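A.B. asks: Dropping the structure in here first, questions after.
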Amino acid sequence: MSTSISSRALPVLVAGGGIGGVAAALALARQGFAVKVLEQAPQLGEIGAGIQLGPNAFAAFDALGIGELARGRAVYTDEMVMHDALDERLVGRIPTGEAFRARFGNPYAVIHRADIHTSLLEGARTHGQIETLTGTRIEAVQQEGDTVTVRDQHGQVHVGQALIGADGVKSVVRQQYVGDAARVSGHVVYRAVVEKNDFPEDLRWNAASIWVGPNYHLVHYPLRGGEQYNVVVTFHSREQEEWGVREGSRQEVQSYYRDCCPRARQLIDLPKSWKRWATADREPIGQWSFGRATLLGDAAHPTLQYIAQGACMALEDAVTLGQALKRCGNDWPQALRLYERSRIARTARVVLSAREMGRIFHASGVERLVRNDLWKGRTPQRFYDAMEWLYGWKAETCLSED
């Protein structure tokens, strides 16, 4: 084993205290490591609204020991359903009830991002080995022997036996080791949460629902026991976009949905305030571990939202990292190579599949007609077969056998 006695006493540094960072900290603590989480925000928490959880996310929660906590906060949908936003035509319906659970061993659900984060934090707090520093943004990384040294914006130095870069889509760790440019999509996402009493009765479905239109779509589903609803609208921007988040404008949203059917269009008039994301991903890379530093979650494989797998992939990453360390006897360089090898092809497939699904959602003209024919008459079993590669992930088989 290559880790010296002195470095073994050091914590593992985790850059980023979002879903991926806290999941990584929990996985590491369960493996016996002391962990120091460095989060640039003034307090731990999640902005955003709801997200969807495939069965693979629940498999990861169970492996992290927080399955029951997360299940208690989720809303279990009856189906995923797609309608054409121009004429209200039903395009596809995928039941997510008993047959779905029997196939994948876990449910499909929707949840508020903050509720996932809370569940992970509660799990982490059962281990006394996780320290969190907020208001701490890393600026430089240096490796020497079997230690990693991080300098933050205050000039403070943090020394650890390894570094997990879970610092999101604008990762400092990735910038230092990879230095690649973001691929700005030109697609803008508006997200909001609406109280049940303000949400249209004719859309209060217990479903992950999407309305697809030319160069745009709308999503809605229940949160927090159906007391709130998540509303997400996405469109191809007319502006030159830069990756980032800011307050949104109702007038801007309305201007993109003039041909949308009234039933779906009422969604965009509901929110009292919007958050506006200009989205981006990156080209998949074949290496994201460098000595005793590695990337995780959006820092490793930022993806567009079209197959609802960003958080799910970060959770899988955390579990896989912990399993790799366990198999390799906590030998960091060996474990990080195994972790990377086990994740690169799968996460790249998610990034590329999300891009393609965005094209399908936003089809216009004849492509729209092709899309609407694509799933006509397809049985639930055939949908499940197509989803097997994604939803069939298990912690027990997550490591590469190459």
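Labels used: A, B, ... for chains in the order of the structure tokens, numbers from 1 for residues in each chain, and numbers from 1 for ligands as shown.
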Run DSSP on the backbone and grab whatever in range 252-390 of chain A lands in alpha helix (DSSP H); send it over as a PyMOL selection string.
C.D. replies: chain A and resi 252-255+262-265+310-327+332-361+365-374+380-390
A.B. asks: When you look at His220 in chain A with a cut-off of 8 Å (counting only C-alpha atoms), what residues show up, excluding the ones that are within fewer than 6 positions of it in the same chain? I need them as a VMD selection string.
C.D. replies: chain A and resid 208 to 210 229 to 232
A.B. asks: Can you work out which one of A:Val178, A:Val35, A:Val157, A:Ala162 has the shortest atom-to-atom distance to Asn330 in chain A, counting only C-alpha atoms?
C.D. replies: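 Nearest to Asn330 in chain A: A:Ala162.
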A.B. asks: Please compute the CA of Lys275 in chain A-CA of Val189 in chain A distance, one decimal, in Å.
C.D. replies: 8.2 Å
A.B. asks: Please provide as an MDAnalysis selection string all residues within 12 Å of His187 in chain A, with the sequence filter that same-chain residues fewer than 6 positions apart are discarded (counting only C-alpha atoms).
C.D. replies: chainID A and resid 215:217 233:244 256 276:281 304:306 355 358:359 362
A.B. asks: From the list A:Ala49, A:Cys398, A:Ala109, A:Val350, which residue is nearest Tyr76 in chain A when using only C-alpha atoms?
C.D. replies: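 The closest residue to Tyr76 in chain A is A:Ala109.
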A.B. asks: As a list in words, please: the residues near Gly32 in chain A (cut-off 10 Å, only C-alpha atoms, same-chain neighbours under 3 positions excluded).
C.D. replies: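 Within the cut-off, the hits are Leu26, Ala27, Leu28, Ala29, Val35, His127, Gln129, Gly322, Lys326 and Asn330 of chain A.
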A.B. asks: Give me, as CSV, the closest atom pair and its distance (Å, one decimal) for every residue of range 32-74 of chain A within a cut-off of 12 Å of range 92-102 of chain A, counting only C-alpha atoms, rows sorted by chain and rising number.
C.D. replies:
residue,atom,partner,partner_atom,distance
A:Leu53,CA,A:Thr96,CA,11.7
A:Gly54,CA,A:Thr96,CA,10.0
A:Pro55,CA,A:Arg101,CA,8.0
A:Asn56,CA,A:Arg101,CA,11.4
A:Phe58,CA,A:Arg101,CA,11.2
A:Ala59,CA,A:Arg101,CA,11.9
A.B. asks: Write out the residues from the selection above, keeping all heavy atoms, as a compact mmCIF listing (two decimals), in the first residue's frame.
C.D. replies:
# COMPACT_ATOMS: atom_id res chain seq x y z
N LEU A 53 -35.72 11.15 -10.00
CA LEU A 53 -34.82 10.10 -9.52
C LEU A 53 -35.19 8.78 -10.17
O LEU A 53 -36.28 8.25 -9.95
CB LEU A 53 -34.93 9.95 -8.00
CG LEU A 53 -34.51 11.14 -7.14
CD1 LEU A 53 -34.82 10.86 -5.68
CD2 LEU A 53 -33.03 11.45 -7.33
N GLY A 54 -34.29 8.25 -10.98
CA GLY A 54 -34.48 6.91 -11.53
C GLY A 54 -34.16 5.86 -10.49
O GLY A 54 -33.62 6.15 -9.41
N PRO A 55 -34.46 4.60 -10.78
CA PRO A 55 -34.16 3.51 -9.85
C PRO A 55 -32.68 3.44 -9.49
O PRO A 55 -32.33 3.03 -8.38
CB PRO A 55 -34.58 2.26 -10.63
CG PRO A 55 -35.58 2.73 -11.62
CD PRO A 55 -35.17 4.12 -11.99
N ASN A 56 -31.81 3.87 -10.40
CA ASN A 56 -30.38 3.84 -10.12
C ASN A 56 -30.02 4.78 -8.98
O ASN A 56 -29.09 4.51 -8.20
CB ASN A 56 -29.56 4.18 -11.38
CG ASN A 56 -29.99 5.45 -12.07
OD1 ASN A 56 -31.17 5.76 -12.17
ND2 ASN A 56 -29.04 6.20 -12.60
N PHE A 58 -31.92 5.36 -6.33
CA PHE A 58 -32.28 4.66 -5.09
C PHE A 58 -31.29 3.55 -4.76
O PHE A 58 -30.99 3.29 -3.59
CB PHE A 58 -33.71 4.15 -5.18
CG PHE A 58 -34.72 5.24 -5.08
CD1 PHE A 58 -35.30 5.78 -6.22
CD2 PHE A 58 -35.08 5.78 -3.85
CE1 PHE A 58 -36.22 6.81 -6.15
CE2 PHE A 58 -36.00 6.82 -3.76
CZ PHE A 58 -36.57 7.34 -4.91
N ALA A 59 -30.75 2.89 -5.80
CA ALA A 59 -29.71 1.89 -5.56
C ALA A 59 -28.49 2.56 -4.92
O ALA A 59 -27.86 2.00 -4.01
CB ALA A 59 -29.32 1.20 -6.87
A.B. asks: Check the smallest atom-to-atom distance from each of A:Leu44, A:Ile111, A:Met313, A:Ala363 to Pro214 in chain A using only C-alpha atoms, then report the winner.
C.D. replies: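 Checking each of A:Leu44, A:Ile111, A:Met313, A:Ala363 against Pro214 in chain A, counting only C-alpha atoms, the winner is A:Ala363.
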A.B. asks: Quick one: residues within 8 Å of Ala318 in chain A, only C-alpha atoms counted, chain neighbours fewer than 4 positions away excluded, as a list in words?
C.D. replies: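 The contact residues come out as Gly20, Ala23, Ala24, Ala27, Leu296, Ala314 and Gly322 of chain A.
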A.B. asks: What does the file look like for those residues with all heavy atoms, as a short mmCIF file (atom, residue, chain, number, x, y, z; two decimals), in the first residue's frame?
C.D. replies:
data_model
loop_
_atom_site.label_atom_id
_atom_site.label_comp_id
_atom_site.auth_asym_id
_atom_site.auth_seq_id
_atom_site.Cartn_x
_atom_site.Cartn_y
_atom_site.Cartn_z
N GLY A 20 -23.19 15.96 -5.07
CA GLY A 20 -22.05 15.09 -5.34
C GLY A 20 -21.01 15.12 -4.25
O GLY A 20 -20.48 14.08 -3.84
N ALA A 23 -22.34 13.43 -1.04
CA ALA A 23 -22.41 11.98 -1.29
C ALA A 23 -21.01 11.37 -1.24
O ALA A 23 -20.81 10.29 -0.67
CB ALA A 23 -23.07 11.70 -2.63
N ALA A 24 -20.04 12.05 -1.84
CA ALA A 24 -18.66 11.56 -1.80
C ALA A 24 -18.14 11.51 -0.37
O ALA A 24 -17.51 10.54 0.05
CB ALA A 24 -17.76 12.44 -2.66
N ALA A 27 -19.66 8.53 1.35
CA ALA A 27 -19.05 7.27 0.90
C ALA A 27 -17.66 7.09 1.50
O ALA A 27 -17.28 5.98 1.90
CB ALA A 27 -18.97 7.26 -0.64
N LEU A 296 -15.62 14.36 -9.82
CA LEU A 296 -16.84 13.62 -9.50
C LEU A 296 -18.04 14.49 -9.84
O LEU A 296 -18.01 15.71 -9.68
CB LEU A 296 -16.82 13.25 -8.02
CG LEU A 296 -17.96 12.40 -7.46
CD1 LEU A 296 -17.45 11.45 -6.38
CD2 LEU A 296 -19.07 13.28 -6.87
N ALA A 314 -23.93 11.68 -10.17
CA ALA A 314 -23.06 12.06 -9.06
C ALA A 314 -23.16 11.06 -7.91
O ALA A 314 -22.16 10.70 -7.29
CB ALA A 314 -23.41 13.47 -8.59
N GLY A 322 -16.24 4.87 -3.42
CA GLY A 322 -16.10 4.12 -2.17
C GLY A 322 -15.81 2.65 -2.40
O GLY A 322 -14.95 2.05 -1.73
#
A.B. asks: State, in Å with one decimal place, the distance from CA of Lys394 in chain A to CA of Arg341 in chain A.
C.D. replies: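 So the answer is 16.2 Å.
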A.B. asks: With only C-alpha atoms as the counted atoms, please give the residues lying no more than 8 Å from Ala299 in chain A, apart from itself and same-chain residues fewer than 2 positions off, as a VMD selection string.
C.D. replies: chain A and resid 165 to 171 173 to 174 295 to 297 301 to 302
A.B. asks: Identify all residues of range 255-396 of chain A in strand (DSSP E or B) (DSSP on the backbone) and supply them as number ranges by chain.
C.D. replies: A: 275-281, 289-290, 293-295
A.B. asks: Could you write out the selected residues, including all heavy atoms, as a short mmCIF file (atom, residue, chain, number, x, y, z; two decimals), in the first residue's frame?
C.D. replies:
data_model
loop_
_atom_site.label_atom_id
_atom_site.label_comp_id
_atom_site.auth_asym_id
_atom_site.auth_seq_id
_atom_site.Cartn_x
_atom_site.Cartn_y
_atom_site.Cartn_z
N LYS A 275 -35.92 31.19 -11.61
CA LYS A 275 -34.46 31.16 -11.75
C LYS A 275 -34.16 30.76 -13.18
O LYS A 275 -34.78 29.83 -13.72
CB LYS A 275 -33.83 30.16 -10.78
CG LYS A 275 -33.71 30.66 -9.36
CD LYS A 275 -32.58 31.66 -9.21
CE LYS A 275 -32.39 32.02 -7.73
NZ LYS A 275 -31.50 33.17 -7.58
N ARG A 276 -33.19 31.43 -13.80
CA ARG A 276 -32.86 31.22 -15.21
C ARG A 276 -31.46 30.62 -15.33
O ARG A 276 -30.48 31.23 -14.91
CB ARG A 276 -32.93 32.55 -15.94
CG ARG A 276 -32.67 32.50 -17.45
CD ARG A 276 -32.49 33.91 -17.98
NE ARG A 276 -32.59 34.02 -19.43
CZ ARG A 276 -31.56 33.82 -20.26
NH1 ARG A 276 -30.37 33.49 -19.79
NH2 ARG A 276 -31.74 33.96 -21.56
N TRP A 277 -31.38 29.44 -15.91
CA TRP A 277 -30.10 28.77 -16.15
C TRP A 277 -29.79 28.79 -17.64
O TRP A 277 -30.61 28.31 -18.44
CB TRP A 277 -30.16 27.30 -15.72
CG TRP A 277 -29.93 27.01 -14.28
CD1 TRP A 277 -28.78 26.54 -13.72
CD2 TRP A 277 -30.88 27.10 -13.21
NE1 TRP A 277 -28.95 26.36 -12.36
CE2 TRP A 277 -30.23 26.70 -12.03
CE3 TRP A 277 -32.22 27.51 -13.14
CZ2 TRP A 277 -30.86 26.67 -10.80
CZ3 TRP A 277 -32.86 27.50 -11.90
CH2 TRP A 277 -32.18 27.08 -10.75
N ALA A 278 -28.63 29.30 -18.02
CA ALA A 278 -28.12 29.08 -19.38
C ALA A 278 -27.25 27.83 -19.30
O ALA A 278 -26.27 27.79 -18.57
CB ALA A 278 -27.31 30.28 -19.85
N THR A 279 -27.62 26.79 -20.01
CA THR A 279 -27.03 25.47 -19.77
C THR A 279 -25.82 25.20 -20.66
O THR A 279 -25.63 25.81 -21.71
CB THR A 279 -28.07 24.36 -20.00
OG1 THR A 279 -28.47 24.36 -21.38
CG2 THR A 279 -29.29 24.56 -19.13
N ALA A 280 -25.02 24.26 -20.19
CA ALA A 280 -23.84 23.83 -20.95
C ALA A 280 -23.46 22.44 -20.49
O ALA A 280 -23.84 21.99 -19.39
CB ALA A 280 -22.68 24.80 -20.73
N ASP A 281 -22.74 21.75 -21.32
CA ASP A 281 -22.07 20.52 -20.89
C ASP A 281 -20.63 20.60 -21.36
O ASP A 281 -20.14 21.68 -21.71
CB ASP A 281 -22.81 19.26 -21.41
CG ASP A 281 -22.86 19.17 -22.93
OD1 ASP A 281 -22.19 19.97 -23.62
OD2 ASP A 281 -23.57 18.27 -23.45
N SER A 289 -8.71 11.49 -13.47
CA SER A 289 -7.94 11.31 -12.24
C SER A 289 -6.48 11.64 -12.53
O SER A 289 -5.93 11.23 -13.56
CB SER A 289 -8.05 9.86 -11.74
OG SER A 289 -9.37 9.56 -11.37
N PHE A 290 -5.86 12.36 -11.60
CA PHE A 290 -4.48 12.81 -11.78
C PHE A 290 -3.76 12.63 -10.45
O PHE A 290 -3.96 13.42 -9.52
CB PHE A 290 -4.46 14.27 -12.23
CG PHE A 290 -5.29 14.51 -13.46
CD1 PHE A 290 -6.65 14.80 -13.36
CD2 PHE A 290 -4.73 14.39 -14.72
CE1 PHE A 290 -7.43 14.99 -14.48
CE2 PHE A 290 -5.50 14.57 -15.86
CZ PHE A 290 -6.85 14.87 -15.74
N ALA A 293 -5.72 13.19 -7.13
CA ALA A 293 -6.88 14.06 -7.33
C ALA A 293 -7.78 13.46 -8.40
O ALA A 293 -7.30 12.90 -9.39
CB ALA A 293 -6.42 15.46 -7.76
N THR A 294 -9.08 13.58 -8.18
CA THR A 294 -10.03 13.08 -9.18
C THR A 294 -11.24 13.99 -9.22
O THR A 294 -11.42 14.86 -8.36
CB THR A 294 -10.45 11.63 -8.88
OG1 THR A 294 -11.08 11.06 -10.03
CG2 THR A 294 -11.42 11.54 -7.70
N LEU A 295 -12.05 13.80 -10.24
CA LEU A 295 -13.27 14.59 -10.41
C LEU A 295 -14.49 13.71 -10.16
O LEU A 295 -14.43 12.49 -10.32
CB LEU A 295 -13.34 15.17 -11.83
CG LEU A 295 -12.16 16.04 -12.26
CD1 LEU A 295 -12.29 16.44 -13.72
CD2 LEU A 295 -12.04 17.28 -11.37
#
A.B. asks: For Ile51 in chain A, find every residue with an atom within 8 Å (counting only C-alpha atoms), except residues of its own chain fewer than 4 positions away, and show them as a PyMOL selection string.
C.D. replies: chain A and resi 110-113+308
A.B. asks: Select, from A:Val12, A:Leu203, A:Ile164, A:Met387, the residue with the minimum atom-to-atom distance to Leu336 in chain A, counting only C-alpha atoms.
C.D. replies: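 Smallest distance to Leu336 in chain A is found for A:Ile164.
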